[in-house]
Every structure is written in C-alpha cells, then in structure tokens.
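Here is the file structure_19.csv (CSV, C-alpha atoms).
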```csv
chain,number,residue,atom,x,y,z
A,1,MET,CA,135.4,30.2,281.5
A,2,LYS,CA,135.4,30.7,277.7
A,3,LYS,CA,138.7,28.8,277.4
A,4,LEU,CA,137.4,25.9,279.4
A,5,MET,CA,134.2,25.8,277.3
A,6,CYS,CA,136.2,25.9,274.1
A,7,VAL,CA,138.3,23.0,275.3
A,8,ALA,CA,135.2,21.0,276.2
A,9,ALA,CA,133.7,21.7,272.8
A,10,ALA,CA,136.9,20.7,271.0
A,11,MET,CA,137.0,17.4,272.9
A,12,LEU,CA,133.4,16.7,271.9
A,13,LEU,CA,134.2,17.4,268.2
A,14,VAL,CA,137.0,14.8,268.3
A,15,PHE,CA,134.5,12.1,269.1
A,16,LEU,CA,131.4,13.3,267.3
A,17,PRO,CA,130.5,13.6,263.6
A,18,ALA,CA,129.6,17.0,262.2
A,19,THR,CA,125.9,16.4,262.3
A,20,VAL,CA,125.7,15.6,265.9
A,21,GLN,CA,125.1,18.7,267.9
A,22,ALA,CA,122.0,20.9,268.1
A,23,TRP,CA,123.2,23.9,269.9
A,24,GLY,CA,126.8,23.5,271.1
A,25,PRO,CA,127.6,22.4,274.6
A,26,GLU,CA,127.0,26.0,275.9
A,27,GLY,CA,123.5,26.2,274.3
A,28,HIS,CA,122.4,23.0,276.0
A,29,GLU,CA,123.8,24.1,279.4
A,30,ILE,CA,122.0,27.4,279.0
A,31,VAL,CA,118.7,25.6,278.5
A,32,GLY,CA,119.3,23.3,281.5
A,33,THR,CA,120.3,26.1,283.8
A,34,LEU,CA,117.3,28.2,282.7
A,35,ALA,CA,114.9,25.4,283.2
A,36,GLU,CA,116.2,24.4,286.6
A,37,ALA,CA,116.0,28.0,287.9
A,38,MET,CA,112.2,27.9,287.1
A,39,LEU,CA,111.4,24.6,288.8
A,40,ARG,CA,109.3,24.7,291.9
A,41,ASN,CA,110.4,22.8,295.0
A,42,THR,CA,108.4,19.6,294.4
A,43,ALA,CA,109.6,19.3,290.8
A,44,LYS,CA,113.1,20.2,291.8
A,45,ALA,CA,113.0,17.4,294.4
A,46,GLY,CA,111.8,15.0,291.8
A,47,VAL,CA,114.7,15.8,289.5
A,48,GLN,CA,117.1,15.4,292.4
A,49,SER,CA,115.7,12.0,293.2
A,50,ILE,CA,116.7,10.9,289.7
A,51,LEU,CA,120.0,12.8,289.3
A,52,GLY,CA,121.3,13.1,292.8
A,53,THR,CA,123.7,16.0,293.1
A,54,ALA,CA,124.0,16.5,289.3
A,55,THR,CA,122.3,19.4,287.7
A,56,LEU,CA,120.2,19.6,284.5
A,57,ALA,CA,123.1,21.6,282.9
A,58,SER,CA,125.7,19.1,283.9
A,59,VAL,CA,123.7,16.2,282.1
A,60,SER,CA,122.5,18.4,279.2
A,61,ASN,CA,125.2,17.1,276.8
A,62,TRP,CA,125.1,13.4,277.8
A,63,ALA,CA,123.0,12.4,274.8
A,64,ASP,CA,125.7,13.8,272.5
A,65,GLN,CA,128.5,12.1,274.4
A,66,ILE,CA,127.0,8.6,274.2
A,67,ARG,CA,125.8,8.9,270.6
A,68,GLN,CA,128.8,7.3,269.0
A,69,ALA,CA,128.6,4.2,271.3
A,70,ARG,CA,124.8,4.0,270.9
A,71,GLN,CA,124.2,4.5,267.2
A,72,GLU,CA,120.5,3.6,267.5
A,73,THR,CA,120.0,7.1,269.1
A,74,TYR,CA,121.5,9.0,266.1
A,75,ASN,CA,118.3,10.1,264.5
A,76,TRP,CA,116.6,10.9,267.8
A,77,HIS,CA,118.2,14.3,267.9
A,78,PHE,CA,116.4,15.9,265.0
A,79,VAL,CA,113.5,15.6,262.7
A,80,ASP,CA,114.1,15.8,258.9
A,81,ILE,CA,111.1,17.9,257.8
A,82,PRO,CA,111.6,18.8,254.1
A,83,ARG,CA,112.3,22.4,253.6
A,84,SER,CA,109.5,22.5,251.0
A,85,ALA,CA,106.9,21.0,253.5
A,86,ALA,CA,104.6,23.2,255.5
A,87,THR,CA,104.6,21.2,258.7
A,88,PHE,CA,105.8,18.1,260.5
A,89,ASP,CA,104.3,14.8,259.4
A,90,ASP,CA,105.0,11.9,261.8
A,91,ALA,CA,104.6,9.1,259.2
A,92,ARG,CA,107.0,10.8,256.7
A,93,ASP,CA,109.5,12.3,259.2
A,94,CYS,CA,109.8,9.7,262.0
A,95,PHE,CA,110.1,6.3,260.3
A,96,LYS,CA,113.3,5.8,258.4
A,97,PRO,CA,113.4,2.1,257.4
A,98,THR,CA,116.2,2.6,254.8
A,99,ASP,CA,118.5,4.4,257.3
A,100,THR,CA,121.6,2.4,258.1
A,101,HIS,CA,121.8,3.1,261.8
A,102,PRO,CA,120.9,0.2,264.1
A,103,GLY,CA,117.2,-0.3,264.8
A,104,ALA,CA,116.0,2.1,262.1
A,105,ALA,CA,114.1,-0.6,260.1
A,106,THR,CA,111.7,-1.1,263.0
A,107,ASP,CA,111.9,2.2,265.0
A,108,HIS,CA,108.7,4.1,264.4
A,109,LEU,CA,109.8,6.8,266.9
A,110,ASN,CA,113.0,7.7,265.1
A,111,CYS,CA,112.9,11.4,265.5
A,112,VAL,CA,113.3,14.0,268.2
A,113,VAL,CA,109.5,14.8,268.3
A,114,ASP,CA,108.5,11.2,269.2
A,115,ARG,CA,111.4,10.6,271.4
A,116,ILE,CA,110.6,13.5,273.7
A,117,THR,CA,107.1,12.1,274.2
A,118,PHE,CA,108.3,8.6,274.7
A,119,PHE,CA,111.0,9.5,277.3
A,120,LYS,CA,108.5,11.7,279.2
A,121,GLN,CA,106.3,8.6,279.6
A,122,VAL,CA,109.3,6.6,280.8
A,123,LEU,CA,110.3,9.3,283.2
A,124,ALA,CA,106.8,9.4,284.7
A,125,ASP,CA,106.6,5.7,285.1
A,126,THR,CA,107.7,4.8,288.6
A,127,THR,CA,107.8,1.1,287.7
A,128,LYS,CA,110.8,1.7,285.5
A,129,THR,CA,114.3,1.0,286.8
A,130,PRO,CA,116.3,4.0,288.2
A,131,THR,CA,118.7,3.7,285.3
A,132,GLU,CA,115.8,3.8,282.7
A,133,ARG,CA,114.3,6.9,284.4
A,134,GLN,CA,117.7,8.6,284.7
A,135,GLU,CA,118.5,8.0,281.0
A,136,ALA,CA,115.0,9.2,280.1
A,137,LEU,CA,115.6,12.5,282.0
A,138,GLN,CA,119.0,13.0,280.4
A,139,PHE,CA,117.6,12.4,276.9
A,140,ILE,CA,114.7,14.8,277.6
A,141,VAL,CA,117.0,17.6,278.8
A,142,HIS,CA,119.0,17.4,275.6
A,143,PHE,CA,116.2,16.7,273.1
A,144,VAL,CA,114.0,19.6,274.3
A,145,GLY,CA,117.0,21.8,273.4
A,146,ASP,CA,117.6,20.0,270.1
A,147,VAL,CA,114.0,20.5,268.8
A,148,HIS,CA,114.3,24.2,269.4
A,149,GLN,CA,117.4,24.6,267.1
A,150,PRO,CA,115.9,25.5,263.7
A,151,PHE,CA,118.1,23.4,261.6
A,152,HIS,CA,117.3,20.3,263.6
A,153,ALA,CA,113.8,20.5,262.0
A,154,VAL,CA,114.9,21.0,258.4
A,155,GLY,CA,116.1,17.9,256.5
A,156,ASP,CA,117.6,19.6,253.4
A,157,ALA,CA,121.4,19.6,253.1
A,158,ARG,CA,121.6,17.4,256.2
A,159,GLY,CA,120.1,20.2,258.3
A,160,ALA,CA,122.3,22.8,256.6
A,161,ASN,CA,125.5,21.0,257.6
A,162,ASP,CA,126.3,20.9,253.8
A,163,ASN,CA,125.8,24.6,253.4
A,164,LEU,CA,129.3,25.9,253.6
A,165,ILE,CA,129.4,29.6,254.5
A,166,THR,CA,131.6,32.6,255.2
A,167,GLU,CA,131.0,33.3,258.9
A,168,PHE,CA,131.9,36.7,260.1
A,169,GLY,CA,134.5,37.0,257.4
A,170,SER,CA,136.0,33.5,257.7
A,171,THR,CA,135.4,30.3,255.8
A,172,GLN,CA,137.3,28.2,258.4
A,173,CYS,CA,135.7,27.7,261.9
A,174,GLY,CA,138.3,25.9,264.0
A,175,SER,CA,139.5,22.8,262.3
A,176,ARG,CA,136.5,22.7,259.9
A,177,PRO,CA,135.0,24.7,257.1
A,178,CYS,CA,132.2,27.0,258.5
A,179,ASN,CA,128.7,25.7,257.8
A,180,LEU,CA,125.2,27.1,258.5
A,181,HIS,CA,124.2,24.4,261.0
A,182,SER,CA,127.3,24.9,263.2
A,183,ALA,CA,126.8,28.7,263.1
A,184,TRP,CA,123.4,28.1,264.8
A,185,ASP,CA,124.8,25.5,267.1
A,186,SER,CA,127.5,27.7,268.6
A,187,GLY,CA,128.9,30.4,266.2
A,188,MET,CA,126.3,33.0,266.9
A,189,ILE,CA,126.1,32.2,270.6
A,190,THR,CA,129.9,32.6,270.9
A,191,HIS,CA,129.7,35.9,269.0
A,192,THR,CA,127.6,37.4,271.8
A,193,GLY,CA,130.6,37.2,274.1
A,194,MET,CA,128.4,35.9,277.0
A,195,ASP,CA,129.2,32.8,279.0
A,196,VAL,CA,126.5,30.4,280.2
A,197,ASN,CA,125.6,32.3,283.4
A,198,ALA,CA,125.4,35.7,281.6
A,199,TYR,CA,123.4,34.3,278.7
A,200,THR,CA,121.0,32.6,281.2
A,201,GLN,CA,120.4,35.9,283.0
A,202,HIS,CA,119.9,37.6,279.6
A,203,LEU,CA,117.2,35.1,278.7
A,204,GLN,CA,115.5,35.5,282.1
A,205,GLN,CA,115.2,39.2,281.5
A,206,LEU,CA,113.9,38.5,278.0
A,207,ILE,CA,111.2,36.1,279.3
A,208,THR,CA,110.1,38.7,281.9
A,209,ALA,CA,110.1,41.6,279.5
A,210,ASN,CA,108.1,39.7,276.9
A,211,HIS,CA,105.8,37.7,279.2
A,212,MET,CA,106.9,34.5,277.6
A,213,THR,CA,105.2,31.3,278.7
A,214,ALA,CA,105.5,27.6,277.9
A,215,SER,CA,103.0,26.3,275.4
A,216,GLY,CA,102.5,23.6,272.7
A,217,ASN,CA,103.8,20.1,272.3
A,218,PRO,CA,106.9,18.7,270.7
A,219,ALA,CA,105.3,18.7,267.2
A,220,ASP,CA,104.4,22.4,267.6
A,221,TRP,CA,108.0,23.1,268.7
A,222,ALA,CA,109.4,21.4,265.6
A,223,ASN,CA,107.0,23.3,263.4
A,224,GLU,CA,108.2,26.6,264.9
A,225,SER,CA,111.8,25.6,264.4
A,226,HIS,CA,111.1,24.5,260.8
A,227,ALA,CA,109.6,27.9,260.0
A,228,ALA,CA,112.5,29.7,261.6
A,229,GLY,CA,114.9,27.5,259.6
A,230,GLN,CA,113.2,28.4,256.4
A,231,THR,CA,113.5,32.1,257.1
A,232,ALA,CA,117.1,31.8,258.3
A,233,TRP,CA,118.3,29.6,255.4
A,234,ILE,CA,121.6,30.6,253.7
A,235,ASP,CA,122.5,28.7,250.5
A,236,ASN,CA,125.8,26.9,250.1
A,237,GLY,CA,128.5,29.5,249.5
A,238,GLY,CA,126.6,32.2,251.2
A,239,VAL,CA,127.6,34.8,253.9
A,240,LEU,CA,126.6,35.1,257.5
A,241,ASP,CA,127.5,38.7,258.4
A,242,GLU,CA,126.7,41.2,261.1
A,243,ALA,CA,123.4,42.1,259.5
A,244,TYR,CA,122.3,38.5,259.5
A,245,TYR,CA,123.5,38.1,263.1
A,246,ASN,CA,121.7,41.2,264.3
A,247,THR,CA,118.4,39.8,263.0
A,248,GLN,CA,118.8,36.1,263.8
A,249,ILE,CA,120.4,36.3,267.2
A,250,GLN,CA,117.0,37.4,268.4
A,251,VAL,CA,115.6,34.1,267.0
A,252,VAL,CA,118.4,32.2,268.8
A,253,ASP,CA,117.5,34.0,272.1
A,254,SER,CA,113.8,33.2,271.6
A,255,ARG,CA,114.4,29.5,270.8
A,256,LEU,CA,116.7,29.1,273.8
A,257,ALA,CA,114.3,30.9,276.1
A,258,LEU,CA,111.3,28.8,275.0
A,259,ALA,CA,113.4,25.6,275.3
A,260,GLY,CA,114.1,26.4,278.9
A,261,LEU,CA,110.5,27.4,279.7
A,262,ARG,CA,109.1,24.2,278.0
A,263,LEU,CA,111.7,21.9,279.6
A,264,ALA,CA,110.7,23.3,283.0
A,265,ALA,CA,107.0,22.9,282.2
A,266,LEU,CA,107.5,19.3,281.1
A,267,LEU,CA,109.4,18.5,284.3
A,268,GLU,CA,106.7,20.2,286.4
A,269,ASP,CA,104.1,18.1,284.6
A,270,VAL,CA,106.0,14.9,285.5
A,271,PHE,CA,107.2,15.8,289.1
A,272,GLY,CA,105.2,18.8,290.2
A,273,ALA,CA,102.2,18.7,292.6
A,274,SER,CA,98.8,19.1,291.2
A,275,THR,CA,98.3,22.6,290.0
A,276,PRO,CA,95.6,24.6,292.0
A,277,THR,CA,92.9,26.2,289.9
A,278,GLY,CA,90.3,28.9,290.4
A,279,VAL,CA,87.3,30.3,288.6
A,280,THR,CA,86.9,34.0,287.8
A,281,THR,CA,83.8,35.6,289.3
A,282,ARG,CA,83.8,38.5,286.9
A,283,ASN,CA,85.7,39.6,283.8
A,284,LEU,CA,89.3,40.2,284.8
A,285,ARG,CA,92.3,42.0,283.3
A,286,LEU,CA,95.3,39.8,283.1
A,287,ARG,CA,98.2,42.0,284.1
A,288,PRO,CA,101.9,41.6,283.3
A,289,ASP,CA,102.8,42.2,287.0
A,290,ALA,CA,101.0,42.4,290.4
A,291,SER,CA,99.7,45.9,289.9
A,292,SER,CA,97.5,48.0,287.7
A,293,ALA,CA,100.4,50.1,286.5
A,294,HIS,CA,100.7,48.5,283.1
A,295,LYS,CA,98.4,47.7,280.2
A,296,ALA,CA,96.6,44.4,280.5
A,297,VAL,CA,97.8,41.4,278.5
A,298,GLU,CA,94.2,40.3,277.8
A,299,THR,CA,90.8,40.1,279.5
A,300,ILE,CA,89.7,36.8,281.1
A,301,GLN,CA,86.0,36.3,280.9
A,302,LYS,CA,83.8,35.6,284.0
A,303,GLY,CA,83.5,31.9,284.7
A,304,ALA,CA,86.9,31.0,283.1
A,305,THR,CA,89.2,28.5,284.9
A,306,VAL,CA,92.7,29.7,285.6
A,307,ALA,CA,95.7,27.7,286.9
A,308,LEU,CA,97.7,29.3,289.8
A,309,VAL,CA,101.3,29.6,289.0
A,310,GLU,CA,102.0,30.3,292.7
A,311,ALA,CA,99.7,29.4,295.6
A,312,GLY,CA,100.1,32.7,297.5
A,313,LYS,CA,99.0,36.3,296.8
A,314,THR,CA,101.3,39.2,295.9
A,315,ASN,CA,99.8,42.7,296.5
A,316,ASN,CA,96.3,41.1,296.5
A,317,TYR,CA,96.9,39.5,293.1
A,318,TYR,CA,97.2,35.9,292.1
A,319,HIS,CA,99.9,34.8,289.5
A,320,VAL,CA,97.9,32.7,287.1
A,321,LYS,CA,97.9,31.0,283.7
A,322,ALA,CA,94.9,31.5,281.5
A,323,ALA,CA,93.3,28.7,279.3
A,324,ASP,CA,95.2,30.0,276.3
A,325,GLY,CA,98.5,29.6,278.0
A,326,LYS,CA,99.2,33.2,278.7
A,327,ALA,CA,100.4,34.0,282.3
A,328,GLY,CA,100.0,37.1,284.3
A,329,TRP,CA,98.3,38.5,287.4
A,330,VAL,CA,94.7,39.0,288.3
A,331,LEU,CA,92.9,40.4,291.4
A,332,ALA,CA,92.7,37.6,293.9
A,333,LYS,CA,89.3,38.7,295.3
A,334,TYR,CA,87.6,37.8,292.0
A,335,VAL,CA,89.0,34.3,291.8
A,336,LYS,CA,87.2,31.5,293.6
A,337,LEU,CA,89.7,28.7,294.4
A,338,GLN,CA,88.6,25.1,293.6
```

Could I get this file's structure written as structure tokens?
Amino acid sequence: MKKLMCVAAAMLLVFLPATVQAWGPEGHEIVGTLAEAMLRNTAKAGVQSILGTATLASVSNWADQIRQARQETYNWHFVDIPRSAATFDDARDCFKPTDTHPGAATDHLNCVVDRITFFKQVLADTTKTPTERQEALQFIVHFVGDVHQPFHAVGDARGANDNLITEFGSTQCGSRPCNLHSAWDSGMITHTGMDVNAYTQHLQQLITANHMTASGNPADWANESHAAGQTAWIDNGGVLDEAYYNTQIQVVDSRLALAGLRLAALLEDVFGASTPTGVTTRNLRLRPDASSAHKAVETIQKGATVALVEAGKTNNYYHVKAADGKAGWVLAKYVKLQ
C-alpha cells in the first residue's frame, strides 16, 4: 500500500510544480474517505448520482491532476493571507489582477475561500450540465481539504514553499530539498506510518473522543488555518524534528478531521433531506453519548430549537445539534418535534 502511494505521489510530482499540493495525495484521500463515511443515505445517493461508482477519495486529487492543463485554476487552491495579517480579507486576498495565470485580471473569486462557495452553488444548481456539476463536486472535495492545510492560508514565502528545512535529520526529501510546506503536505503524515484506512480510523476515533462537529464557513476555515500556520512557522534554514512533530501532528490530525466533517456537512447541505428539528420543553443537558454516564457538554435552555442528527431514538435519547453547532444527546421526552 505505501509503495503504491509513493509511486502515485512521485508521478504527480513529475507533472506538478512545487506549490501545487495542499496535503499530499494521501491527505486528500483521507478527507474524502472520512467525509463519505459520515454521509447519510440521501446525501450519499446525491453524490453517487453525480460521480457514479467513483468515490470521494478517488476524485479527491483530480483538481491537482488537471491544474497544469487548466492554469486558470492555479490560485483556487489557496488563499495568500499575509502572515502579518490578523484575518482573511476578500478584497485583498482573492483578486490578483497582476497575476500571470489566465483569467486573473478579471477573476474576483481567485482563491480557495471564494471557490468553495462558488462551486457549492454550481453543485446545488440542477439546471447546470452533468459535467459542470461533476467538476464542481470534484473541486469541492479537493478545495475543502486545501483550505484546512495551514500553509495554504499563509502567503509569505509562497506558503512556506521557500522555507527550506531539515526534516527529521535530512535536507533532501526525495528528489527535492525539504521545505516546510511539503512537510505539512505529506512529510508528517508519512511519518505516522499509517496508510489511508488506518489514518481515517484514527481520525474517526479522534472525532468521537473530542465530540468534534462541523462549523463555520470557508472564510472561518481559512482563518483557522492561517492562525495554525503562524504558530507552526519555521524560518528558512530551520529544523523540523521529533519535538516539533509531536506537537504539530496533533494540529494535522485536527485539520484533517475538521476537513472531513465539514466536507460531509457541505454535501449534506446540498444533497441531504431537510433536517428535522425540535424545541426543548425544559432545560436539557447535552450529553456526549446516549446516557447520563458522562459529564454534560453544555445545558440547552428551555424553548431552544435543536436539529436532529438522526431521526430515531437511542436509549430514549435524541442525537441533536444545538444552535451553537455542538452535537450530543438529549432526553427525547423533553423535545417536541416540529
């Protein structure tokens, strides 16, 4: 498995410039696999109506594979937020009229943040052609992964591609000098020793243990990545060692897990059936599982609206999402369905 993935990665590197990838092929496949496992039947059927027998993982690297042939898409994979800036600014970061790639002079959506929003609209528009909707879905699968890679939201040093580093004792990574961007794309993921399936299972356990849920919008996701990139920055000539890895691999895990969660939520929003809701008839403790055995996540006030994650009951509890985006379990008898 590892040998095949390395061969695939090497083949991509032959055709792609150094700044192309956000996460390596394995990272994008992990995000696609994780998201697809979380889709409910209606959304899963919607995806299949577009992709046929292909999976989200199998199309997750398509946007990288066509990038050389379609140069107008080059800037859509990242957002160049200055390292010194506090947050994303659409006017500053998504219009690049002096860029030399085709269409840049008139493209006001020339960044990953705006392109996720744009392609979600295309995907949801049933008047678009099958090819337009398929490409939109394939771009979305890839770009949601891209925006969660910290150095795809930092513009300095070409997203840290120019920051040459010593990575786990070596200055050479394959056929190229090691750099900070590529270490986040694939170097630290490879260092875990896990393949795509094992890594996906690892993230599923992380999501469950930490009660992680999808939240925010593409601009929020870029701001999170930008903040993570500021913290994880290594100057040109610096060292990525085991101490750095032990700290930052936790960030890698979190970003990949959130990418999968948010991709699934986006596709549920496009393809899923309307989400049933209920109103609480008393103050309710939001539990991390369908029991009273563990400490409550929070208290939901009487009269609050909650969205049902699953229609049925488990041990007399409903699996719900509160207005603040936190998910958990509440006693079903105190929720009046709408």

Checklist entry - For A:Asn61, which of A:Thr131, A:Ser254, A:Gln138, A:Thr275 is the closest residue, counting only C-alpha atoms? => result A:Gln138

Checklist entry - stretch 231-236 of chain A: which residues within 7 Å, counting only C-alpha atoms, same-chain residues fewer than 4 positions away excluded, as a ChimeraX atom specification? => result /A:163-165,180,227

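Reported to one decimal place, the separation of atom CA of A:Ala57 from atom CA of A:His28 is 7.1 Å.
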
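Reported to one decimal place, the separation of atom CA of A:Phe271 from atom CA of A:Glu132 is 16.1 Å.
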
Item to check | One-decimal distance in Å that lies between atom CA of A:Gly24 and atom CA of A:Phe168 | outcome: 17.9 Å
